[in-house]
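Heads up, work-v9.pdb below (PDB, C-alpha atoms):
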MODEL        1
ATOM      1  CA  MET A   1      13.106  68.097 -98.898  1.00  0.00           C
ATOM      2  CA  PRO A   2      12.302  69.828-102.181  1.00  0.00           C
ATOM      3  CA  ARG A   3       9.941  72.708-101.854  1.00  0.00           C
ATOM      4  CA  PRO A   4       6.901  72.717-104.155  1.00  0.00           C
ATOM      5  CA  ALA A   5       7.276  75.144-107.016  1.00  0.00           C
ATOM      6  CA  LYS A   6       5.794  78.531-106.240  1.00  0.00           C
ATOM      7  CA  ALA A   7       3.156  79.713-108.670  1.00  0.00           C
ATOM      8  CA  CYS A   8       3.852  82.910-110.578  1.00  0.00           C
ATOM      9  CA  PRO A   9       1.874  85.732-108.905  1.00  0.00           C
ATOM     10  CA  LEU A  10       1.122  87.398-112.226  1.00  0.00           C
ATOM     11  CA  CYS A  11      -0.085  84.224-113.956  1.00  0.00           C
ATOM     12  CA  GLU A  12      -2.358  83.546-111.017  1.00  0.00           C
ATOM     13  CA  SER A  13      -3.918  86.984-111.148  1.00  0.00           C
ATOM     14  CA  GLY A  14      -4.548  86.574-114.847  1.00  0.00           C
ATOM     15  CA  ILE A  15      -2.255  89.312-116.114  1.00  0.00           C
ATOM     16  CA  ARG A  16      -0.879  88.531-119.580  1.00  0.00           C
ATOM     17  CA  GLN A  17       1.082  91.680-120.278  1.00  0.00           C
ATOM     18  CA  VAL A  18       2.906  93.749-117.722  1.00  0.00           C
ATOM     19  CA  ASN A  19       2.090  97.400-118.294  1.00  0.00           C
ATOM     20  CA  TYR A  20       4.879  99.910-117.797  1.00  0.00           C
ATOM     21  CA  LYS A  21       2.313 102.639-117.041  1.00  0.00           C
ATOM     22  CA  ASP A  22       0.862 100.762-114.086  1.00  0.00           C
ATOM     23  CA  GLU A  23       3.377 102.016-111.614  1.00  0.00           C
ATOM     24  CA  SER A  24       1.507 100.854-108.511  1.00  0.00           C
ATOM     25  CA  THR A  25       1.816  97.204-109.619  1.00  0.00           C
ATOM     26  CA  LEU A  26       5.443  97.630-110.615  1.00  0.00           C
ATOM     27  CA  ARG A  27       6.258  98.972-107.183  1.00  0.00           C
ATOM     28  CA  ARG A  28       5.589  95.529-105.747  1.00  0.00           C
ATOM     29  CA  PHE A  29       8.480  94.137-107.729  1.00  0.00           C
ATOM     30  CA  VAL A  30      11.167  96.622-106.777  1.00  0.00           C
ATOM     31  CA  THR A  31      12.974  97.130-103.485  1.00  0.00           C
ATOM     32  CA  GLU A  32      12.570 100.219-101.398  1.00  0.00           C
ATOM     33  CA  GLN A  33      15.645 101.605-103.143  1.00  0.00           C
ATOM     34  CA  GLY A  34      14.011 100.977-106.489  1.00  0.00           C
ATOM     35  CA  LYS A  35      16.037  97.944-107.529  1.00  0.00           C
ATOM     36  CA  ILE A  36      14.289  95.165-109.405  1.00  0.00           C
ATOM     37  CA  LEU A  37      13.671  92.126-107.223  1.00  0.00           C
ATOM     38  CA  PRO A  38      15.276  88.871-108.383  1.00  0.00           C
ATOM     39  CA  ARG A  39      13.149  85.975-109.525  1.00  0.00           C
ATOM     40  CA  ARG A  40      13.804  84.065-106.319  1.00  0.00           C
ATOM     41  CA  MET A  41      12.035  86.823-104.418  1.00  0.00           C
ATOM     42  CA  THR A  42       9.175  87.478-106.798  1.00  0.00           C
ATOM     43  CA  GLY A  43       8.546  83.823-107.668  1.00  0.00           C
ATOM     44  CA  MET A  44       7.563  84.902-111.165  1.00  0.00           C
ATOM     45  CA  CYS A  45       7.757  82.757-114.260  1.00  0.00           C
ATOM     46  CA  ALA A  46      10.462  83.601-116.781  1.00  0.00           C
ATOM     47  CA  ARG A  47       8.070  85.354-119.143  1.00  0.00           C
ATOM     48  CA  HIS A  48       6.629  87.650-116.515  1.00  0.00           C
ATOM     49  CA  GLN A  49       9.950  88.378-114.882  1.00  0.00           C
ATOM     50  CA  ARG A  50      11.282  89.458-118.251  1.00  0.00           C
ATOM     51  CA  GLN A  51       8.244  91.620-118.931  1.00  0.00           C
ATOM     52  CA  THR A  52       8.468  93.180-115.493  1.00  0.00           C
ATOM     53  CA  THR A  53      12.120  94.046-115.998  1.00  0.00           C
ATOM     54  CA  THR A  54      11.388  95.843-119.260  1.00  0.00           C
ATOM     55  CA  ALA A  55       8.356  97.540-117.751  1.00  0.00           C
ATOM     56  CA  VAL A  56      10.304  98.805-114.732  1.00  0.00           C
ATOM     57  CA  LYS A  57      13.019 100.189-116.984  1.00  0.00           C
ATOM     58  CA  ARG A  58      10.482 102.011-119.143  1.00  0.00           C
ATOM     59  CA  ALA A  59       8.703 103.357-116.092  1.00  0.00           C
ATOM     60  CA  ARG A  60      11.999 104.692-114.778  1.00  0.00           C
ATOM     61  CA  TYR A  61      12.684 106.494-118.010  1.00  0.00           C
ATOM     62  CA  LEU A  62       9.253 108.112-117.803  1.00  0.00           C
ATOM     63  CA  ALA A  63       9.897 109.227-114.214  1.00  0.00           C
ATOM     64  CA  LEU A  64       7.075 107.029-112.921  1.00  0.00           C
ATOM     65  CA  LEU A  65       9.561 105.040-110.884  1.00  0.00           C
ATOM     66  CA  GLN A  66      12.781 106.283-109.427  1.00  0.00           C
ATOM     67  CA  PHE A  67      16.173 105.102-110.610  1.00  0.00           C
ATOM     68  CA  VAL A  68      17.699 105.718-107.201  1.00  0.00           C
ATOM     69  CA  LYS A  69      15.906 106.369-103.961  1.00  0.00           C
ATOM     70  CA  GLY A  70      16.019 109.866-102.606  1.00  0.00           C
ATOM     71  CA  TYR A  71      17.438 111.599-105.638  1.00  0.00           C
ATOM     72  CA  ALA A  72      14.462 113.944-106.042  1.00  0.00           C
ATOM     73  CA  ASP A  73      15.197 115.742-102.771  1.00  0.00           C
TER
ATOM     74  CA  MET B   1       1.131  98.757-140.309  1.00  0.00           C
ATOM     75  CA  LYS B   2       2.103  98.351-136.711  1.00  0.00           C
ATOM     76  CA  ASN B   3       0.564  99.359-133.433  1.00  0.00           C
ATOM     77  CA  TYR B   4       2.547 101.795-131.373  1.00  0.00           C
ATOM     78  CA  GLU B   5       2.162 103.755-128.218  1.00  0.00           C
ATOM     79  CA  VAL B   6       3.838 107.025-127.360  1.00  0.00           C
ATOM     80  CA  VAL B   7       4.073 108.743-123.997  1.00  0.00           C
ATOM     81  CA  TYR B   8       4.870 112.453-123.985  1.00  0.00           C
ATOM     82  CA  ILE B   9       5.999 114.415-120.970  1.00  0.00           C
ATOM     83  CA  PHE B  10       5.584 118.131-121.590  1.00  0.00           C
ATOM     84  CA  ASP B  11       6.871 120.992-119.553  1.00  0.00           C
ATOM     85  CA  THR B  12       4.102 122.166-117.216  1.00  0.00           C
ATOM     86  CA  GLN B  13       4.767 125.772-118.269  1.00  0.00           C
ATOM     87  CA  VAL B  14       3.217 125.000-121.643  1.00  0.00           C
ATOM     88  CA  PRO B  15      -0.509 125.872-121.806  1.00  0.00           C
ATOM     89  CA  GLU B  16      -2.859 123.046-122.643  1.00  0.00           C
ATOM     90  CA  ASP B  17      -4.098 124.389-125.955  1.00  0.00           C
ATOM     91  CA  ARG B  18      -0.523 124.679-127.093  1.00  0.00           C
ATOM     92  CA  ILE B  19       0.058 121.044-126.203  1.00  0.00           C
ATOM     93  CA  ASN B  20      -3.024 120.033-128.167  1.00  0.00           C
ATOM     94  CA  GLU B  21      -1.825 122.041-131.107  1.00  0.00           C
ATOM     95  CA  LYS B  22       1.560 120.332-130.973  1.00  0.00           C
ATOM     96  CA  LEU B  23       0.002 116.891-130.707  1.00  0.00           C
ATOM     97  CA  GLU B  24      -2.130 117.605-133.747  1.00  0.00           C
ATOM     98  CA  ARG B  25       0.910 118.618-135.715  1.00  0.00           C
ATOM     99  CA  TYR B  26       2.878 115.508-134.734  1.00  0.00           C
ATOM    100  CA  HIS B  27      -0.007 113.160-135.290  1.00  0.00           C
ATOM    101  CA  ALA B  28      -0.565 114.517-138.766  1.00  0.00           C
ATOM    102  CA  LEU B  29       2.778 112.928-139.645  1.00  0.00           C
ATOM    103  CA  LEU B  30       1.584 109.537-138.489  1.00  0.00           C
ATOM    104  CA  ALA B  31      -1.961 109.571-139.726  1.00  0.00           C
ATOM    105  CA  GLY B  32      -1.762 111.736-142.825  1.00  0.00           C
ATOM    106  CA  GLU B  33       0.383 110.647-145.743  1.00  0.00           C
ATOM    107  CA  ALA B  34       1.528 107.503-143.942  1.00  0.00           C
ATOM    108  CA  GLY B  35      -2.044 106.244-143.911  1.00  0.00           C
ATOM    109  CA  GLY B  36      -2.118 105.456-140.212  1.00  0.00           C
ATOM    110  CA  GLU B  37      -4.609 106.387-137.564  1.00  0.00           C
ATOM    111  CA  ILE B  38      -4.688 107.511-133.950  1.00  0.00           C
ATOM    112  CA  THR B  39      -6.586 104.914-131.946  1.00  0.00           C
ATOM    113  CA  ALA B  40      -6.586 106.397-128.444  1.00  0.00           C
ATOM    114  CA  THR B  41      -5.516 109.553-126.658  1.00  0.00           C
ATOM    115  CA  ASP B  42      -5.360 109.930-122.917  1.00  0.00           C
ATOM    116  CA  HIS B  43      -4.307 113.085-121.123  1.00  0.00           C
ATOM    117  CA  TRP B  44      -3.012 112.115-117.723  1.00  0.00           C
ATOM    118  CA  GLY B  45      -2.429 115.745-117.010  1.00  0.00           C
ATOM    119  CA  ARG B  46       0.020 117.228-114.594  1.00  0.00           C
ATOM    120  CA  ARG B  47       1.915 114.711-112.541  1.00  0.00           C
ATOM    121  CA  GLN B  48       4.787 114.761-110.118  1.00  0.00           C
ATOM    122  CA  LEU B  49       8.018 113.318-111.537  1.00  0.00           C
ATOM    123  CA  THR B  50       9.890 110.881-109.307  1.00  0.00           C
ATOM    124  CA  TYR B  51      13.107 112.678-110.186  1.00  0.00           C
ATOM    125  CA  PRO B  52      13.663 116.090-111.760  1.00  0.00           C
ATOM    126  CA  ILE B  53      14.025 116.261-115.530  1.00  0.00           C
ATOM    127  CA  ARG B  54      15.699 119.456-116.745  1.00  0.00           C
ATOM    128  CA  ARG B  55      15.030 120.964-113.331  1.00  0.00           C
ATOM    129  CA  SER B  56      11.284 120.353-113.592  1.00  0.00           C
ATOM    130  CA  ALA B  57       9.636 118.551-110.699  1.00  0.00           C
ATOM    131  CA  ALA B  58       6.398 117.874-112.587  1.00  0.00           C
ATOM    132  CA  GLY B  59       5.328 117.114-116.127  1.00  0.00           C
ATOM    133  CA  TYR B  60       2.217 116.998-118.260  1.00  0.00           C
ATOM    134  CA  TYR B  61       1.698 113.405-119.402  1.00  0.00           C
ATOM    135  CA  VAL B  62      -0.104 112.395-122.567  1.00  0.00           C
ATOM    136  CA  VAL B  63      -0.442 108.785-123.748  1.00  0.00           C
ATOM    137  CA  VAL B  64      -1.389 108.124-127.360  1.00  0.00           C
ATOM    138  CA  GLN B  65      -1.887 104.857-129.201  1.00  0.00           C
ATOM    139  CA  PHE B  66      -1.686 104.755-132.966  1.00  0.00           C
ATOM    140  CA  ARG B  67      -1.228 102.583-136.036  1.00  0.00           C
ATOM    141  CA  THR B  68       1.128 103.575-138.764  1.00  0.00           C
ATOM    142  CA  GLU B  69       3.774 102.405-141.186  1.00  0.00           C
ATOM    143  CA  PRO B  70       7.201 102.081-139.557  1.00  0.00           C
ATOM    144  CA  ARG B  71       8.719 104.423-142.155  1.00  0.00           C
ATOM    145  CA  ALA B  72       6.708 107.322-140.696  1.00  0.00           C
ATOM    146  CA  LEU B  73       8.520 107.086-137.362  1.00  0.00           C
ATOM    147  CA  PRO B  74      11.986 108.568-138.027  1.00  0.00           C
ATOM    148  CA  GLU B  75      10.602 111.933-139.084  1.00  0.00           C
ATOM    149  CA  PHE B  76       8.111 111.866-136.204  1.00  0.00           C
ATOM    150  CA  GLU B  77      10.832 111.211-133.641  1.00  0.00           C
ATOM    151  CA  ARG B  78      13.118 113.770-135.207  1.00  0.00           C
ATOM    152  CA  LEU B  79      10.547 116.464-134.548  1.00  0.00           C
ATOM    153  CA  LEU B  80       9.994 115.256-131.000  1.00  0.00           C
ATOM    154  CA  LYS B  81      13.700 115.500-130.304  1.00  0.00           C
ATOM    155  CA  LEU B  82      13.739 119.089-131.523  1.00  0.00           C
ATOM    156  CA  ASP B  83      10.858 120.119-129.288  1.00  0.00           C
ATOM    157  CA  GLU B  84      12.316 121.980-126.335  1.00  0.00           C
ATOM    158  CA  GLU B  85       9.040 121.999-124.458  1.00  0.00           C
ATOM    159  CA  LEU B  86       8.841 118.232-124.513  1.00  0.00           C
ATOM    160  CA  LEU B  87      10.759 117.008-121.490  1.00  0.00           C
ATOM    161  CA  ARG B  88      10.719 113.409-122.613  1.00  0.00           C
ATOM    162  CA  TYR B  89       8.947 110.978-124.908  1.00  0.00           C
ATOM    163  CA  LEU B  90       8.838 107.222-125.327  1.00  0.00           C
ATOM    164  CA  VAL B  91       7.653 105.367-128.409  1.00  0.00           C
ATOM    165  CA  VAL B  92       7.096 101.637-127.970  1.00  0.00           C
ATOM    166  CA  LEU B  93       5.430  98.866-129.931  1.00  0.00           C
ATOM    167  CA  HIS B  94       2.012  98.254-128.528  1.00  0.00           C
ATOM    168  CA  GLU B  95       1.476  94.524-128.358  1.00  0.00           C
ATOM    169  CA  GLY B  96      -1.221  92.342-126.941  1.00  0.00           C
ATOM    170  CA  GLU B  97      -4.750  93.429-126.258  1.00  0.00           C
ATOM    171  CA  PRO B  98      -5.564  97.067-127.003  1.00  0.00           C
ATOM    172  CA  THR B  99      -6.234  98.047-123.423  1.00  0.00           C
ATOM    173  CA  ALA B 100      -7.275 101.586-122.726  1.00  0.00           C
ATOM    174  CA  PRO B 101      -4.351 103.583-121.406  1.00  0.00           C
ATOM    175  CA  MET B 102      -4.372 103.695-117.652  1.00  0.00           C
ATOM    176  CA  SER B 103      -5.794 107.021-116.715  1.00  0.00           C
ATOM    177  CA  ILE B 104      -4.250 108.713-113.762  1.00  0.00           C
ATOM    178  CA  ALA B 105      -7.665 109.604-112.439  1.00  0.00           C
ATOM    179  CA  THR B 106      -8.865 106.015-112.166  1.00  0.00           C
ATOM    180  CA  LYS B 107      -5.559 104.963-110.724  1.00  0.00           C
ATOM    181  CA  ALA B 108      -5.769 107.576-108.000  1.00  0.00           C
ATOM    182  CA  ASP B 109      -9.252 106.336-107.152  1.00  0.00           C
ATOM    183  CA  ARG B 110      -8.034 102.817-106.892  1.00  0.00           C
ATOM    184  CA  ARG B 111      -5.200 103.689-104.591  1.00  0.00           C
ATOM    185  CA  ARG B 112      -7.555 105.471-102.230  1.00  0.00           C
ATOM    186  CA  ASP B 113      -9.495 102.230-101.694  1.00  0.00           C
ATOM    187  CA  ASP B 114      -8.229  99.760 -99.201  1.00  0.00           C
ATOM    188  CA  ASP B 115      -5.949  97.295-100.883  1.00  0.00           C
ATOM    189  CA  GLU B 116      -7.957  94.317 -99.635  1.00  0.00           C
ATOM    190  CA  ASP B 117     -11.313  95.110-101.158  1.00  0.00           C
ATOM    191  CA  ASP B 118      -9.994  95.881-104.595  1.00  0.00           C
ATOM    192  CA  ASP B 119     -12.551  94.671-107.109  1.00  0.00           C
ATOM    193  CA  GLU B 120      -9.839  93.701-109.552  1.00  0.00           C
ATOM    194  CA  GLY B 121     -10.002  90.001-108.729  1.00  0.00           C
ATOM    195  CA  PRO B 122      -7.198  88.067-107.088  1.00  0.00           C
ATOM    196  CA  LEU B 123      -4.476  90.355-105.968  1.00  0.00           C
ATOM    197  CA  ILE B 124      -0.818  89.698-106.306  1.00  0.00           C
ATOM    198  CA  PRO B 125       0.413  88.271-103.041  1.00  0.00           C
ATOM    199  CA  THR B 126       3.095  90.034-101.128  1.00  0.00           C
ATOM    200  CA  VAL B 127       6.416  89.562-102.793  1.00  0.00           C
ATOM    201  CA  GLY B 128       8.748  87.119-101.153  1.00  0.00           C
ATOM    202  CA  GLU B 129       5.954  85.474 -99.181  1.00  0.00           C
ATOM    203  CA  GLU B 130       6.733  81.885 -98.442  1.00  0.00           C
ATOM    204  CA  VAL B 131       4.006  79.345 -99.093  1.00  0.00           C
TER
ENDMDL
END

Just give me the structure as C-alpha coordinates.
Amino acid sequence: MPRPAKACPLCESGIRQVNYKDESTLRRFVTEQGKILPRRMTGMCARHQRQTTTAVKRARYLALLQFVKGYAD
Amino acid sequence: MKNYEVVYIFDTQVPEDRINEKLERYHALLAGEAGGEITATDHWGRRQLTYPIRRSAAGYYVVVQFRTEPRALPEFERLLKLDEELLRYLVVLHEGEPTAPMSIATKADRRRDDDEDDDEGPLIPTVGEEV
(Lines of atoms letter the chains of each structure in order from A and count residues from 1; the text may use other names and numbers.)
(Lines give C-alpha, C1' and ligand atoms only; values in the text may rest on other atoms or scores of the structure.)
Protein backbone atom coordinates (compact mmCIF):
# COMPACT_ATOMS: atom_id res chain seq x y z
CA MET A 1 0.00 0.00 0.00
CA PRO A 2 1.49 3.36 -0.96
CA ARG A 3 2.21 5.60 1.95
CA PRO A 4 0.82 9.15 1.77
CA ALA A 5 3.48 11.69 0.94
CA LYS A 6 5.03 13.22 4.02
CA ALA A 7 4.82 16.98 4.21
CA CYS A 8 8.08 18.91 4.31
CA PRO A 9 8.72 19.96 7.94
CA LEU A 10 10.20 23.29 6.89
CA CYS A 11 7.36 24.21 4.52
CA GLU A 12 4.88 23.41 7.25
CA SER A 13 6.60 25.64 9.77
CA GLY A 14 6.64 28.47 7.27
CA ILE A 15 10.39 28.78 6.81
CA ARG A 16 11.31 30.03 3.34
CA GLN A 17 15.06 30.29 3.66
CA VAL A 18 17.25 28.04 5.72
CA ASN A 19 19.68 30.16 7.70
CA TYR A 20 23.21 28.85 8.11
CA LYS A 21 23.60 30.88 11.33
CA ASP A 22 20.69 29.15 13.03
CA GLU A 23 22.69 26.24 14.26
CA SER A 24 20.05 24.91 16.66
CA THR A 25 17.65 24.27 13.74
CA LEU A 26 20.38 22.77 11.59
CA ARG A 27 21.23 20.32 14.33
CA ARG A 28 17.89 18.62 13.76
CA PHE A 29 18.97 17.67 10.27
CA VAL A 30 22.32 16.11 11.04
CA THR A 31 23.16 12.84 12.76
CA GLU A 32 24.88 12.67 16.09
CA GLN A 33 28.16 12.36 14.20
CA GLY A 34 27.34 15.52 12.29
CA LYS A 35 26.45 13.93 8.96
CA ILE A 36 23.62 15.44 6.96
CA LEU A 37 20.47 13.32 7.10
CA PRO A 38 19.17 12.02 3.76
CA ARG A 39 15.88 13.22 2.38
CA ARG A 40 14.17 9.95 3.25
CA MET A 41 14.85 10.69 6.91
CA THR A 42 14.08 14.38 6.95
CA GLY A 43 11.06 14.18 4.64
CA MET A 44 11.98 17.59 3.26
CA CYS A 45 11.06 18.90 -0.16
CA ALA A 46 13.85 19.18 -2.71
CA ARG A 47 14.21 22.93 -2.27
CA HIS A 48 14.59 22.80 1.48
CA GLN A 49 16.84 19.77 1.46
CA ARG A 50 19.15 21.60 -0.91
CA GLN A 51 19.10 24.74 1.22
CA THR A 52 19.75 22.73 4.36
CA THR A 53 22.74 21.02 2.77
CA THR A 54 24.32 24.34 1.83
CA ALA A 55 23.49 25.81 5.22
CA VAL A 56 25.05 22.88 7.11
CA LYS A 57 28.21 23.15 5.03
CA ARG A 58 28.49 26.88 5.71
CA ALA A 59 27.85 26.35 9.40
CA ARG A 60 30.62 23.77 9.50
CA TYR A 61 33.06 26.16 7.92
CA LEU A 62 32.18 28.75 10.55
CA ALA A 63 32.72 26.23 13.36
CA LEU A 64 29.06 26.42 14.37
CA LEU A 65 28.63 22.76 13.54
CA GLN A 66 31.26 20.09 13.73
CA PHE A 67 32.64 18.34 10.67
CA VAL A 68 33.37 15.21 12.67
CA LYS A 69 32.14 14.33 16.11
CA GLY A 70 34.63 14.48 18.91
CA TYR A 71 37.43 16.23 17.09
CA ALA A 72 37.50 19.20 19.48
CA ASP A 73 38.69 17.06 22.40
CA MET B 1 24.49 46.45 -6.41
CA LYS B 2 24.05 43.20 -4.59
CA ASN B 3 23.25 42.26 -1.04
CA TYR B 4 25.92 40.36 0.80
CA GLU B 5 26.57 39.07 4.24
CA VAL B 6 29.94 38.48 5.85
CA VAL B 7 30.74 36.57 9.01
CA TYR B 8 34.07 37.28 10.68
CA ILE B 9 35.67 35.12 13.32
CA PHE B 10 38.40 37.04 15.12
CA ASP B 11 40.98 35.75 17.50
CA THR B 12 39.74 36.30 21.05
CA GLN B 13 43.13 37.79 21.98
CA VAL B 14 42.26 40.86 19.94
CA PRO B 15 40.70 43.66 22.05
CA GLU B 16 37.26 44.81 21.02
CA ASP B 17 38.19 48.34 20.03
CA ARG B 18 40.81 46.93 17.73
CA ILE B 19 38.20 44.74 16.08
CA ASN B 20 35.93 47.74 15.61
CA GLU B 21 38.79 49.67 14.10
CA LYS B 22 39.50 46.84 11.68
CA LEU B 23 35.86 46.52 10.71
CA GLU B 24 35.71 50.23 9.98
CA ARG B 25 38.73 49.97 7.75
CA TYR B 26 37.34 47.00 5.81
CA HIS B 27 33.88 48.46 5.49
CA ALA B 28 35.28 51.67 4.08
CA LEU B 29 36.26 49.61 1.04
CA LEU B 30 32.70 48.46 0.54
CA ALA B 31 30.81 51.60 1.36
CA GLY B 32 33.21 54.33 0.29
CA GLU B 33 34.25 54.61 -3.33
CA ALA B 34 32.17 51.59 -4.33
CA GLY B 35 29.03 53.45 -3.33
CA GLY B 36 27.65 50.68 -1.16
CA GLU B 37 26.33 50.76 2.35
CA ILE B 38 26.43 48.68 5.51
CA THR B 39 22.88 47.66 6.37
CA ALA B 40 23.33 45.72 9.62
CA THR B 41 26.06 44.84 12.08
CA ASP B 42 25.70 42.28 14.82
CA HIS B 43 28.42 41.40 17.30
CA TRP B 44 27.79 37.90 18.53
CA GLY B 45 30.79 38.23 20.73
CA ARG B 46 32.94 35.48 22.08
CA ARG B 47 31.75 32.01 21.25
CA GLN B 48 33.06 28.50 21.62
CA LEU B 49 34.19 26.93 18.33
CA THR B 50 33.02 23.38 17.67
CA TYR B 51 36.53 22.52 16.54
CA PRO B 52 39.80 24.37 17.06
CA ILE B 53 40.90 26.81 14.36
CA ARG B 54 44.61 27.62 14.48
CA ARG B 55 44.69 26.19 18.00
CA SER B 56 42.00 28.58 19.23
CA ALA B 57 39.04 27.04 21.02
CA ALA B 58 36.92 30.20 20.85
CA GLY B 59 36.39 33.09 18.48
CA TYR B 60 34.83 36.52 18.38
CA TYR B 61 31.97 36.46 15.87
CA VAL B 62 30.73 39.47 13.96
CA VAL B 63 27.98 39.32 11.32
CA VAL B 64 27.61 42.21 8.89
CA GLN B 65 25.15 42.72 6.05
CA PHE B 66 25.94 45.16 3.29
CA ARG B 67 25.15 46.27 -0.25
CA THR B 68 27.89 46.97 -2.70
CA GLU B 69 29.07 46.56 -6.26
CA PRO B 70 30.58 43.13 -6.90
CA ARG B 71 33.82 44.72 -8.13
CA ALA B 72 34.54 45.96 -4.60
CA LEU B 73 34.80 42.41 -3.26
CA PRO B 74 38.18 41.13 -4.52
CA GLU B 75 40.14 43.87 -2.77
CA PHE B 76 38.00 43.45 0.36
CA GLU B 77 38.65 39.71 0.51
CA ARG B 78 42.31 40.17 -0.25
CA LEU B 79 42.69 42.26 2.88
CA LEU B 80 40.73 39.76 4.95
CA LYS B 81 43.03 36.98 3.83
CA LEU B 82 46.06 38.98 4.93
CA ASP B 83 44.65 39.63 8.39
CA GLU B 84 46.39 37.26 10.78
CA GLU B 85 44.04 38.08 13.63
CA LEU B 86 41.04 37.00 11.62
CA LEU B 87 40.66 33.27 12.16
CA ARG B 88 38.09 32.89 9.43
CA TYR B 89 35.60 34.81 7.33
CA LEU B 90 32.72 33.93 5.03
CA VAL B 91 31.19 36.21 2.43
CA VAL B 92 27.89 35.03 0.95
CA LEU B 93 25.13 36.55 -1.15
CA HIS B 94 22.31 37.57 1.09
CA GLU B 95 19.08 36.57 -0.58
CA GLY B 96 15.48 36.60 0.47
CA GLU B 97 14.04 38.75 3.18
CA PRO B 98 16.49 40.99 5.04
CA THR B 99 16.13 39.27 8.37
CA ALA B 100 18.08 40.63 11.28
CA PRO B 101 21.14 38.49 11.92
CA MET B 102 20.47 35.95 14.60
CA SER B 103 21.98 37.31 17.74
CA ILE B 104 23.64 34.83 19.99
CA ALA B 105 21.98 36.41 23.00
CA THR B 106 18.44 35.81 21.78
CA LYS B 107 19.36 32.34 20.66
CA ALA B 108 20.70 31.45 24.09
CA ASP B 109 17.46 32.69 25.62
CA ARG B 110 15.44 30.57 23.31
CA ARG B 111 17.38 27.44 24.06
CA ARG B 112 16.86 27.91 27.78
CA ASP B 113 13.08 27.72 27.28
CA ASP B 114 11.45 24.37 27.07
CA ASP B 115 11.28 23.25 23.49
CA GLU B 116 7.52 22.70 23.67
CA ASP B 117 6.39 26.17 24.61
CA ASP B 118 8.46 27.95 22.03
CA ASP B 119 6.48 30.93 20.81
CA GLU B 120 7.86 30.56 17.32
CA GLY B 121 4.75 28.87 15.94
CA PRO B 122 4.64 25.30 14.71
CA LEU B 123 7.84 23.53 15.47
CA ILE B 124 9.62 21.20 13.17
CA PRO B 125 8.63 17.68 14.08
CA THR B 126 11.23 15.21 15.12
CA VAL B 127 13.22 14.08 12.16
CA GLY B 128 12.43 10.64 10.87
CA GLU B 129 9.08 10.53 12.65
CA GLU B 130 6.64 8.33 10.83
CA VAL B 131 3.16 9.69 10.27

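Close to (8.7, 92.3, -116.3), meaning no more than 10 Å away when counting only C-alpha atoms, sit the residues A:Leu10, A:Gln17, A:Val18, A:Asn19, A:Tyr20, A:Leu26, A:Phe29, A:Ile36, A:Met44, A:Cys45, A:Ala46, A:Arg47, A:His48, A:Gln49, A:Arg50, A:Gln51, A:Thr52, A:Thr53, A:Thr54, A:Ala55, A:Val56, A:Lys57.
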
Inset, instruction - Could you state which residues are captured by the PyMOL selection byres ((chain A) within 7 of (chain B)) in this file, as number ranges by chain? - result: A: 9-10, 13, 21-22, 28, 41-42, 63-66, 71-72

Draw an axis-aligned box over all listed atoms of range 18-37 of chain B, pad each side with 6 Å, and write its centre and edge lengths in Å, one decimal, as JSON.
{"center_x": -0.9, "center_y": 115.1, "center_z": -136.0, "size_x": 19.5, "size_y": 31.2, "size_z": 31.5}

Subject >> Hits from the PyMOL selection byres ((chain B and resi 43) around 7), listed as JSON, numbers by chain >> reply: {"B": [41, 42, 44, 45, 61, 62, 63]}

- To verify the selection step, state as a PyMOL selection string which residues the PyMOL selection byres ((chain A and resi 68) around 8) yields on this input. chain A and resi 33-35+66-67+69-71

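The interatomic distance for the pair CA of Glu16 in chain B and CA of Asp83 in chain B works out to 15.5 Å.
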
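Distance annotation: of A:Leu62, A:Glu23, A:Gly43, A:Val30, the residue with the minimal separation from Lys6 in chain A is A:Gly43; atom set is all atoms listed in the file.
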
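Using only C-alpha atoms, the nearest neighbour of Leu30 in chain B within the list B:Leu80, B:Ala72, B:Leu86, B:Met1 is B:Ala72.
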
Original post:
Using only C-alpha atoms, which residues sit within 10 Å of Leu93 in chain B once same-chain residues fewer than 2 positions away are excluded, as a list in words?
Top reply: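 What passes the distance filter is Lys2, Asn3, Tyr4, Glu5, Val6, Gln65, Phe66, Arg67, Val91, Glu95 and Gly96 of chain B.
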
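Coordinates place CA of Tyr60 in chain B at a distance of 9.1 Å from CA of Gln13 in chain B.
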
>> Between CA of Glu85 in chain B and CA of Arg55 in chain B, what distance in Å does the model show, to one decimal?
In response: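 For CA of Glu85 in chain B relative to CA of Arg55 in chain B, the distance reads 12.7 Å.
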